[in-house]
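Visitor: Sharing model15.txt below, compact mmCIF, C-alpha atoms:
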```
# COMPACT_ATOMS: atom_id res chain seq x y z
CA MET I 208 -13.78 -25.51 -4.54
CA SER I 209 -15.20 -27.37 -1.54
CA VAL I 210 -15.66 -25.94 1.95
CA SER I 211 -12.51 -27.71 3.16
CA GLU I 212 -10.53 -26.31 0.20
CA HIS I 213 -11.71 -22.78 0.96
CA ILE I 214 -10.74 -23.19 4.61
CA ARG I 215 -7.32 -24.41 3.47
CA LEU I 216 -7.02 -21.32 1.24
CA ALA I 217 -7.83 -19.09 4.24
CA GLU I 218 -5.05 -20.81 6.17
CA GLN I 219 -2.58 -20.40 3.30
CA LEU I 220 -3.36 -16.68 3.20
CA ASN I 221 -3.37 -16.41 7.02
CA LEU I 222 -6.58 -14.38 6.73
CA LYS I 223 -7.31 -14.51 10.46
CA ALA I 224 -4.17 -12.49 11.16
CA LEU I 225 -4.73 -9.89 8.43
CA SER I 226 -6.74 -6.67 8.46
CA SER I 227 -6.46 -6.05 4.71
CA ILE I 228 -5.35 -7.76 1.53
CA ALA I 229 -5.21 -6.69 -2.13
CA ILE I 230 -5.66 -9.00 -5.09
CA VAL I 231 -3.53 -7.76 -7.99
CA GLY I 232 -3.41 -9.08 -11.53
CA LEU I 233 -0.32 -9.50 -13.67
CA GLY I 234 -2.33 -8.07 -16.57
CA LYS I 235 -5.73 -7.98 -18.19
CA ASP I 236 -7.84 -11.18 -17.89
CA ALA I 237 -5.42 -12.70 -15.37
CA GLY I 238 -8.28 -14.08 -13.26
CA LYS I 239 -8.20 -11.46 -10.52
CA THR I 240 -11.97 -11.21 -9.97
CA THR I 241 -12.33 -14.99 -9.78
CA ALA I 242 -9.56 -15.04 -7.18
CA LEU I 243 -11.36 -12.29 -5.23
CA ASN I 244 -14.54 -14.39 -5.14
CA HIS I 245 -12.65 -17.44 -3.89
CA ILE I 246 -10.90 -15.43 -1.18
CA MET I 247 -14.24 -14.00 -0.07
CA ARG I 248 -15.67 -17.53 0.19
CA ALA I 249 -12.55 -18.66 2.07
CA ALA I 250 -12.97 -15.83 4.59
CA GLU I 251 -16.67 -16.65 5.05
CA GLN I 252 -15.93 -20.32 5.76
CA ALA I 253 -12.94 -19.74 8.04
CA MET I 254 -14.27 -16.66 9.88
CA PRO I 255 -18.10 -16.78 9.71
CA LYS I 256 -18.55 -14.10 12.39
CA ARG I 257 -16.07 -11.60 10.97
CA SER I 258 -17.27 -8.82 8.67
CA LEU I 259 -15.97 -8.50 5.12
CA ALA I 260 -15.57 -5.18 3.32
CA ILE I 261 -14.72 -4.99 -0.39
CA THR I 262 -13.74 -2.22 -2.75
CA SER I 263 -11.75 -1.77 -5.92
CA ILE I 264 -8.94 0.31 -7.32
CA GLY I 265 -10.70 1.24 -10.53
CA ARG I 266 -13.66 -0.73 -11.90
CA ASP I 267 -14.35 -4.47 -11.52
CA GLY I 268 -17.26 -6.86 -11.56
CA GLU I 269 -18.98 -5.46 -14.67
CA PRO I 270 -20.71 -8.16 -16.77
CA GLU I 271 -18.62 -7.50 -19.87
CA ASP I 272 -15.34 -5.82 -20.73
CA VAL I 273 -16.01 -2.22 -21.75
CA VAL I 274 -13.28 -2.42 -24.42
CA THR I 275 -13.58 -5.94 -25.88
CA GLY I 276 -17.18 -6.78 -25.00
CA ASN I 277 -16.08 -10.17 -23.63
CA VAL I 278 -18.08 -11.67 -20.75
CA LYS I 279 -16.29 -11.17 -17.42
CA PRO I 280 -16.58 -12.86 -13.99
CA ARG I 281 -18.90 -11.08 -11.56
CA VAL I 282 -18.22 -10.14 -7.93
CA TYR I 283 -20.64 -12.01 -5.66
CA VAL I 284 -21.41 -10.73 -2.15
CA LYS I 285 -23.36 -12.25 0.73
CA LYS I 286 -25.94 -10.58 2.95
CA GLY I 287 -24.33 -8.37 5.61
CA GLN I 288 -21.07 -7.69 3.79
CA LEU I 289 -19.87 -4.12 3.27
CA VAL I 290 -19.28 -2.73 -0.20
CA ALA I 291 -17.64 0.56 -1.21
CA THR I 292 -18.47 1.52 -4.78
CA ALA I 293 -19.31 4.55 -6.89
CA ARG I 294 -22.91 5.73 -7.10
CA ARG I 295 -23.41 4.92 -10.79
CA SER I 296 -22.32 1.33 -10.14
CA ILE I 297 -24.83 0.65 -7.39
CA MET I 298 -27.70 -0.25 -9.75
CA ARG I 299 -25.54 -2.35 -12.09
CA GLY I 300 -25.70 -5.43 -9.88
CA ASP I 301 -28.61 -7.46 -8.55
CA ALA I 302 -27.73 -7.53 -4.85
CA SER I 303 -29.98 -5.42 -2.63
CA LEU I 304 -27.76 -2.72 -1.12
CA GLU I 305 -28.43 -0.26 1.70
CA VAL I 306 -26.53 3.02 1.62
CA LEU I 307 -24.86 3.57 4.99
CA SER I 308 -23.02 6.77 4.08
CA LEU I 309 -21.46 8.78 1.27
CA SER I 310 -17.68 8.97 1.49
CA GLY I 311 -17.02 12.32 -0.15
CA ILE I 312 -14.54 10.55 -2.45
CA ARG I 313 -15.12 11.27 -6.14
CA THR I 314 -14.43 8.97 -9.08
CA ALA I 315 -15.29 8.94 -12.78
CA GLU I 316 -18.33 6.83 -11.85
CA GLY I 317 -19.48 9.29 -9.20
CA GLU I 318 -19.06 9.61 -5.45
CA VAL I 319 -18.10 6.42 -3.61
CA ALA I 320 -20.85 5.17 -1.30
CA ILE I 321 -20.48 2.78 1.62
CA LEU I 322 -23.18 0.14 1.48
CA GLN I 323 -24.27 -3.04 3.20
CA ALA I 324 -25.66 -6.00 1.28
CA ARG I 325 -29.23 -6.85 2.32
CA SER I 326 -29.28 -9.89 0.05
CA ASN I 327 -26.87 -12.17 -1.73
CA GLY I 328 -26.05 -11.12 -5.27
CA PHE I 329 -23.70 -9.58 -7.79
CA VAL I 330 -22.19 -6.11 -7.43
CA GLU I 331 -20.05 -3.87 -9.59
CA LEU I 332 -17.08 -2.28 -7.87
CA ALA I 333 -15.84 1.15 -8.90
CA GLY I 334 -13.50 2.70 -6.39
CA PRO I 335 -10.81 5.37 -6.17
CA SER I 336 -7.36 5.02 -7.71
CA ILE I 337 -5.61 7.51 -5.40
CA ALA I 338 -3.77 6.02 -2.43
CA SER I 339 -4.95 8.60 0.09
CA ASP I 340 -8.57 7.99 -0.95
CA ILE I 341 -8.25 4.24 -0.36
CA THR I 342 -6.82 4.94 3.09
CA GLN I 343 -9.69 7.30 3.88
CA LEU I 344 -12.18 4.75 2.60
CA GLU I 345 -10.79 2.05 4.89
CA GLN I 346 -11.19 4.37 7.88
CA GLN I 347 -14.82 4.96 6.98
CA LEU I 348 -15.50 1.25 6.46
CA ARG I 349 -14.02 0.48 9.87
CA SER I 350 -16.36 3.00 11.49
CA PHE I 351 -19.12 0.48 10.67
CA ALA I 352 -17.10 -2.72 11.20
CA PRO I 353 -13.86 -2.06 13.13
CA ASP I 354 -12.58 -5.63 12.84
CA CYS I 355 -13.53 -6.19 9.21
CA LEU I 356 -11.25 -7.90 6.72
CA MET I 357 -10.86 -5.39 3.89
CA LEU I 358 -10.41 -6.88 0.43
CA VAL I 359 -9.19 -4.60 -2.34
CA ASP I 360 -9.57 -5.60 -5.97
CA GLY I 361 -6.27 -4.02 -6.89
CA ALA I 362 -4.11 -3.26 -9.89
CA LEU I 363 -0.52 -3.31 -11.05
CA SER I 364 -0.32 -0.15 -13.10
CA ARG I 365 1.59 3.10 -12.99
CA ASN I 366 -1.52 5.02 -11.96
CA SER I 367 -3.08 2.61 -9.48
CA PRO I 368 -1.02 1.63 -6.45
CA ALA I 369 -2.18 -1.53 -4.71
CA GLY I 370 0.20 -1.12 -1.80
CA GLY I 371 1.85 2.07 -0.59
CA GLY I 372 0.84 1.13 2.93
CA LEU I 373 -2.77 0.56 1.77
CA THR I 374 -2.88 -3.14 2.60
CA GLU I 375 -0.84 -5.53 4.68
CA ALA I 376 -0.69 -8.24 2.07
CA VAL I 377 -1.12 -8.87 -1.64
CA VAL I 378 -2.02 -11.90 -3.70
CA LEU I 379 -0.59 -11.96 -7.21
CA VAL I 380 -2.73 -13.46 -9.97
CA GLY I 381 -1.19 -14.37 -13.33
CA GLY I 382 -2.82 -16.20 -16.21
CA MET I 383 -2.12 -17.55 -19.66
CA ALA I 384 -3.93 -14.49 -21.01
CA ASN I 385 -0.81 -12.57 -19.91
CA ALA I 386 1.78 -14.62 -21.83
CA SER I 387 2.24 -16.63 -25.03
CA ASN I 388 3.51 -19.73 -23.22
CA ILE I 389 4.04 -21.17 -19.75
CA GLU I 390 7.72 -20.24 -19.59
CA GLU I 391 7.00 -16.61 -20.44
CA LEU I 392 4.31 -16.46 -17.78
CA ALA I 393 6.66 -17.96 -15.20
CA HIS I 394 9.30 -15.32 -16.06
CA LYS I 395 6.79 -12.48 -15.70
CA ILE I 396 5.53 -13.83 -12.39
CA LYS I 397 9.08 -14.23 -11.08
CA LYS I 398 9.89 -10.63 -11.95
CA GLN I 399 6.76 -9.34 -10.23
CA VAL I 400 7.30 -11.51 -7.16
CA THR I 401 10.81 -10.07 -6.87
CA ASN I 402 9.36 -6.56 -6.91
CA LEU I 403 6.55 -7.31 -4.47
CA THR I 404 9.01 -8.78 -1.96
CA ARG I 405 11.68 -6.07 -2.12
CA PRO I 406 13.32 -5.58 1.31
CA ALA I 407 12.26 -2.73 3.55
CA LEU I 408 14.47 0.24 4.26
CA ASP I 409 15.84 0.37 7.81
CA GLN I 410 13.05 1.04 10.28
CA ASP I 411 14.47 4.33 11.59
CA LEU I 412 14.87 5.71 8.06
CA ARG I 413 11.35 4.55 7.17
CA ALA I 414 10.01 6.48 10.13
CA LEU I 415 11.90 9.61 9.05
CA ALA I 416 10.60 9.26 5.50
CA SER I 417 7.03 8.78 6.69
CA ASP I 418 7.22 11.90 8.85
CA ALA I 419 8.73 13.90 5.98
CA PHE I 420 5.96 12.89 3.57
CA SER I 421 3.34 13.74 6.21
CA ASP I 422 4.89 17.18 6.77
CA HIS I 423 5.33 17.78 3.03
CA PRO I 424 2.30 16.27 1.21
CA LYS I 425 3.58 17.45 -2.20
CA ALA I 426 7.03 15.92 -1.71
CA ARG I 427 8.07 13.35 -4.32
CA VAL I 428 11.76 12.96 -3.47
CA LEU I 429 13.73 12.50 -0.25
CA ILE I 430 17.53 12.42 -0.35
CA PHE I 431 19.44 11.06 2.65
CA SER I 432 23.12 11.68 3.31
CA GLY I 433 24.79 10.09 6.29
CA PRO I 434 23.01 8.20 9.07
CA GLY I 435 19.49 9.43 9.70
CA GLU I 436 19.72 12.76 7.87
CA ILE I 437 17.34 13.95 5.16
CA ARG I 438 19.47 16.36 3.20
CA ARG I 439 16.97 17.42 0.56
CA ILE I 440 13.20 17.29 -0.03
CA LEU I 441 11.87 17.96 -3.52
CA GLU I 442 8.25 18.88 -4.16
CA LEU I 443 7.37 17.91 -7.73
CA PRO I 444 4.10 17.36 -9.61
CA ALA I 445 5.30 13.91 -10.75
CA LEU I 446 8.43 11.80 -11.17
CA ILE I 447 8.11 11.30 -14.93
CA GLY I 448 9.43 14.33 -16.75
CA HIS I 449 11.37 15.58 -13.75
CA GLY I 450 14.32 13.18 -13.73
CA GLU I 451 16.72 15.99 -14.61
CA GLU I 452 15.77 17.92 -11.45
CA ILE I 453 16.23 14.84 -9.29
CA LYS I 454 19.55 14.04 -10.95
CA LYS I 455 20.92 17.54 -10.35
CA ALA I 456 19.98 17.34 -6.65
CA LEU I 457 22.23 14.33 -6.01
CA LEU I 458 25.62 14.71 -4.31
CA PRO I 459 28.52 12.22 -4.01
CA ASP I 460 27.88 11.29 -0.37
CA ASP I 461 24.14 10.62 -0.69
CA THR I 462 23.15 7.19 0.64
CA VAL I 463 19.39 6.84 0.12
CA LEU I 464 17.02 8.15 -2.55
CA VAL I 465 13.29 7.76 -1.84
CA LEU I 466 10.89 8.35 -4.73
CA ARG I 467 7.16 8.66 -4.25
CA GLY I 468 5.28 7.49 -7.34
CA ALA I 469 5.82 5.09 -10.22
CA MET I 470 9.45 3.97 -10.44
CA THR I 471 9.70 3.57 -14.22
CA SER I 472 12.60 2.73 -16.52
CA ARG I 473 12.41 6.27 -17.90
CA VAL I 474 12.83 7.87 -14.48
CA VAL I 475 15.65 5.52 -13.49
CA SER I 476 17.46 5.94 -16.84
CA GLU I 477 17.57 9.70 -16.29
CA LEU I 478 19.08 9.16 -12.84
CA LEU I 479 21.68 6.79 -14.29
CA ASN I 480 23.05 9.75 -16.25
CA SER I 481 24.31 11.18 -12.96
CA GLU I 482 27.79 10.17 -11.82
CA HIS I 483 26.56 10.46 -8.24
CA PHE I 484 23.86 7.82 -8.73
CA GLU I 485 25.84 4.81 -7.52
CA LYS I 486 26.25 2.75 -4.36
CA ILE I 487 22.94 4.10 -3.16
CA LYS I 488 19.66 2.64 -1.90
CA LEU I 489 16.79 3.43 -4.27
CA VAL I 490 13.48 3.27 -2.41
CA ALA I 491 9.88 3.09 -3.67
CA GLU I 492 6.70 3.25 -1.60
CA ASP I 493 6.21 -0.50 -2.04
CA GLY I 494 6.81 -3.28 -4.54
CA THR I 495 3.83 -2.36 -6.73
CA ARG I 496 5.58 0.88 -7.69
CA TYR I 497 8.47 -0.71 -9.61
CA PHE I 498 8.20 -0.73 -13.44
CA ILE I 499 11.82 -1.24 -14.49
CA ASP I 500 12.82 -3.29 -17.54
CA ASP I 501 15.54 -5.94 -17.48
CA GLN I 502 18.16 -3.81 -19.24
CA THR I 503 17.76 -0.95 -16.77
CA MET I 504 17.95 -3.43 -13.89
CA LYS I 505 21.34 -4.59 -15.20
CA ARG I 506 22.57 -1.00 -15.30
CA LEU I 507 21.45 -0.50 -11.69
CA ALA I 508 23.36 -3.60 -10.61
CA GLN I 509 26.49 -2.33 -12.37
CA ARG I 510 26.21 0.90 -10.35
CA ASP I 511 25.69 -1.06 -7.11
CA VAL I 512 22.23 0.50 -6.67
CA THR I 513 19.97 -1.67 -4.51
CA LEU I 514 16.16 -1.53 -4.49
CA HIS I 515 14.12 -1.21 -1.31
CA VAL I 516 10.63 -0.19 -0.14
CA LEU I 517 9.08 1.95 2.58
CA HIS I 518 6.12 -0.39 3.03
CA PRO I 519 7.02 -4.09 2.86
CA LEU I 520 4.24 -6.37 1.65
CA LEU I 521 3.34 -9.90 2.63
CA LEU I 522 2.91 -12.15 -0.41
CA PRO I 523 1.45 -15.40 0.92
CA LEU I 524 0.30 -16.87 -2.39
CA VAL I 525 0.55 -16.65 -6.18
CA ILE I 526 -2.55 -17.76 -8.08
CA VAL I 527 -2.29 -18.97 -11.67
CA ASN I 528 -5.01 -19.20 -14.28
CA PRO I 529 -4.48 -21.81 -17.06
CA LYS I 530 -7.06 -20.25 -19.39
CA ALA I 531 -5.92 -18.14 -22.35
CA VAL I 532 -7.90 -15.36 -24.01
CA ASP I 533 -9.15 -17.66 -26.78
CA GLY I 534 -10.60 -20.07 -24.21
CA HIS I 535 -8.10 -22.93 -24.40
CA ALA I 536 -6.34 -24.01 -21.21
CA VAL I 537 -2.84 -25.36 -20.61
CA ASP I 538 -2.10 -28.30 -18.33
CA VAL I 539 -2.57 -27.12 -14.74
CA ASP I 540 0.07 -29.39 -13.20
CA SER I 541 2.67 -28.27 -15.73
CA LEU I 542 1.78 -24.62 -15.15
CA ILE I 543 2.05 -24.88 -11.37
CA HIS I 544 5.30 -26.87 -11.57
CA THR I 545 6.96 -24.40 -13.95
CA VAL I 546 5.97 -21.31 -11.96
CA SER I 547 6.85 -22.96 -8.62
CA SER I 548 10.34 -23.76 -9.90
CA GLU I 549 10.97 -20.03 -10.42
CA ILE I 550 9.72 -18.60 -7.11
CA GLU I 551 9.69 -19.49 -3.42
CA VAL I 552 6.11 -18.30 -2.84
CA PRO I 553 3.42 -21.05 -2.84
CA VAL I 554 1.46 -21.36 -6.12
CA ALA I 555 -2.18 -22.40 -6.49
CA GLN I 556 -4.92 -22.70 -9.11
CA LEU I 557 -8.40 -22.09 -7.74
CA GLY I 558 -10.76 -23.16 -10.50
CA ALA I 559 -13.98 -21.56 -11.72
CA SER I 560 -15.85 -18.42 -10.64
CA GLY I 561 -15.78 -18.95 -6.86
CA TRP I 562 -19.42 -18.09 -6.25
```
Mind turning the file's structure into structure tokens?

Guide:
Amino acid sequence: MSVSEHIRLAEQLNLKALSSIAIVGLGKDAGKTTALNHIMRAAEQAMPKRSLAITSIGRDGEPEDVVTGNVKPRVYVKKGQLVATARRSIMRGDASLEVLSLSGIRTAEGEVAILQARSNGFVELAGPSIASDITQLEQQLRSFAPDCLMLVDGALSRNSPAGGGLTEAVVLVGGMANASNIEELAHKIKKQVTNLTRPALDQDLRALASDAFSDHPKARVLIFSGPGEIRRILELPALIGHGEEIKKALLPDDTVLVLRGAMTSRVVSELLNSEHFEKIKLVAEDGTRYFIDDQTMKRLAQRDVTLHVLHPLLLPLVIVNPKAVDGHAVDVDSLIHTVSSEIEVPVAQLGASGW
């Protein structure tokens, strides 16, 4: 991409108005790291004086896939940019990095360090997967660069929230590695876009829920009955495996059910066994927390259950990757046209590595 194209990308994403953005992939080999590189270049061109800070939910930027052994795109940083990565990942790149501080946040790859690039080069990102740790990490990064644009190499998985109030915006990346044909990819992207743009719960109720979760850190379930009243708070180790407890806590007049964690088909199916689970607002932390199959969605609609979020996300752009796992690529124009016909969010294809 040219300089003018990167500046146009920055405008599409409205980067100047954002403090943080996560790049999330529809699945493995979607093209997420390539998109991250392009967005970094776009920010550099459009906002040359603004600091960039990057981290990852999980591990990204390694030279080859640890499972398949396939060569992967690298994350390329420029001198002066901030990087938050685990200690064992620091020496796996070729950028010269200065340790500014240790975060106290532990991962499988060691404690996360906050570093500043002293040269251009490749880095490996290995960050925390727990929402509270990402929030803490952002606070520490902003102690060095208060106005930085924080980029999170995110994930769409049951264990790795990309939202939950962690970032203002997300970019969804989907590629032909995630589907057998263009139509299937378009369907998957449409479903994920629907989840990522779920409407927010009323502001007053969101504030009550936020306060309740702050006062009860182990709470997983909030049940509202009537206007502005939290009737029941359940502290559970997880949602999965505890659907029966949630189901038994519901009463006929309940109006809102807020669940903190992965909103899976299994959890929802258990709730659907309750006669009281109807004409109610079901609320997740944000759109990255929904993992509900089409059949369960139909059952929810039949019960007049509507889906909402505590933390609405901006989704300024969907990025598509025409390249399949075996290396062949579909026609880019056909891919963009088919996906665009299914969603209202702008669709783009960014090209090669983005370095």

Visitor: What separation in Å, quoted to one decimal, exists between CA of Lys239 in chain I and CA of Val359 in chain I?

Guide: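 Distance between the two atoms: 10.7 Å.
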
Visitor: Got a sec: who's within 8 Å of Val474 in chain I, counting all atoms listed in the file, leaving out chain neighbours fewer than 2 positions off, as a ChimeraX atom specification?

Guide: /I:446-450,470-472,476-478

Visitor: Residues within 7 Å of Thr374 in chain I, please, as a list in words. Count only C-alpha atoms; anything in the same chain fewer than 6 positions from it doesn't count.

Guide: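 Residues meeting the cut-off are Ser227, Ile228 and Ala229 of chain I.
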
Visitor: Do you know which residues lie at most 8 Å from (-7.9, -17.2, -6.4), with coordinates as in the file and all atoms listed in the file counted, and could you write them as a PyMOL selection string?

Guide: chain I and resi 238-239+241-246+380+526-527+555-558

Visitor: Need to verify the contact set: Gly381 in chain I, 7 Å, all atoms listed in the file, exclusion of same-chain residues closer than 3 positions in sequence. Can you return it as a PyMOL selection string?

Guide: chain I and resi 232-233+237+385+396+526-528

Visitor: Can you tell me, as AutoDock Vina command-line options, the centre and edge lengths (Å, one decimal) of the axis-aligned box enclosing all of range 414-419 of chain I's listed atoms after padding each side by 4 Å?

Guide:
```
--center_x 9.5 --center_y 10.2 --center_z 7.8 --size_x 12.9 --size_y 15.4 --size_z 12.6
```

Visitor: Have a look at I:Gln288, I:Thr401, I:Asn480, I:Thr462 and name the one nearest to Cys355 in chain I; count all atoms listed in the file.

Guide: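 Counting all atoms listed in the file, the residue closest to Cys355 in chain I is I:Gln288.
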
Visitor: Could you check how far CA of Leu479 in chain I sits from CA of His394 in chain I, in Å to one decimal?

Guide: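 Those two atoms sit 25.4 Å apart.
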
Visitor: CA of Ala352 in chain I and CA of Ser258 in chain I are how many Å apart?

Guide: 6.6 Å

Visitor: Near range 325-328 of chain I, counting all atoms listed in the file, which residues have an atom at most 9 Å away, once you skip same-chain residues fewer than 3 positions from it, shown as a list in words?

Guide: Val282, Tyr283, Val284, Lys285, Lys286, Gly287, Gln288, Gly300, Asp301, Ala302, Ser303, Leu304 and Glu305 of chain I

Visitor: Of the residues I:Leu464, I:Ile297, I:Leu222, I:Ala249, which is the one nearest to Val210 in chain I, using only C-alpha atoms?

Guide: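 The closest residue to Val210 in chain I is I:Ala249.
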
Visitor: Between I:Ile430, I:Ile499, I:Ile264, I:Ala253, which is the closest to Pro459 in chain I once you count all atoms listed in the file?

Guide: I:Ile430

Visitor: Which protein, DNA or RNA residues are at most 9 Å from (10.2, -11.3, -4.7) in the file's coordinates when you count all atoms listed in the file, listed as a list in words?

Guide: Lys397, Lys398, Gln399, Val400, Thr401, Asn402, Leu403, Thr404, Arg405, Pro406, Gly494, Leu522, Ile550, Glu551 and Val552 of chain I
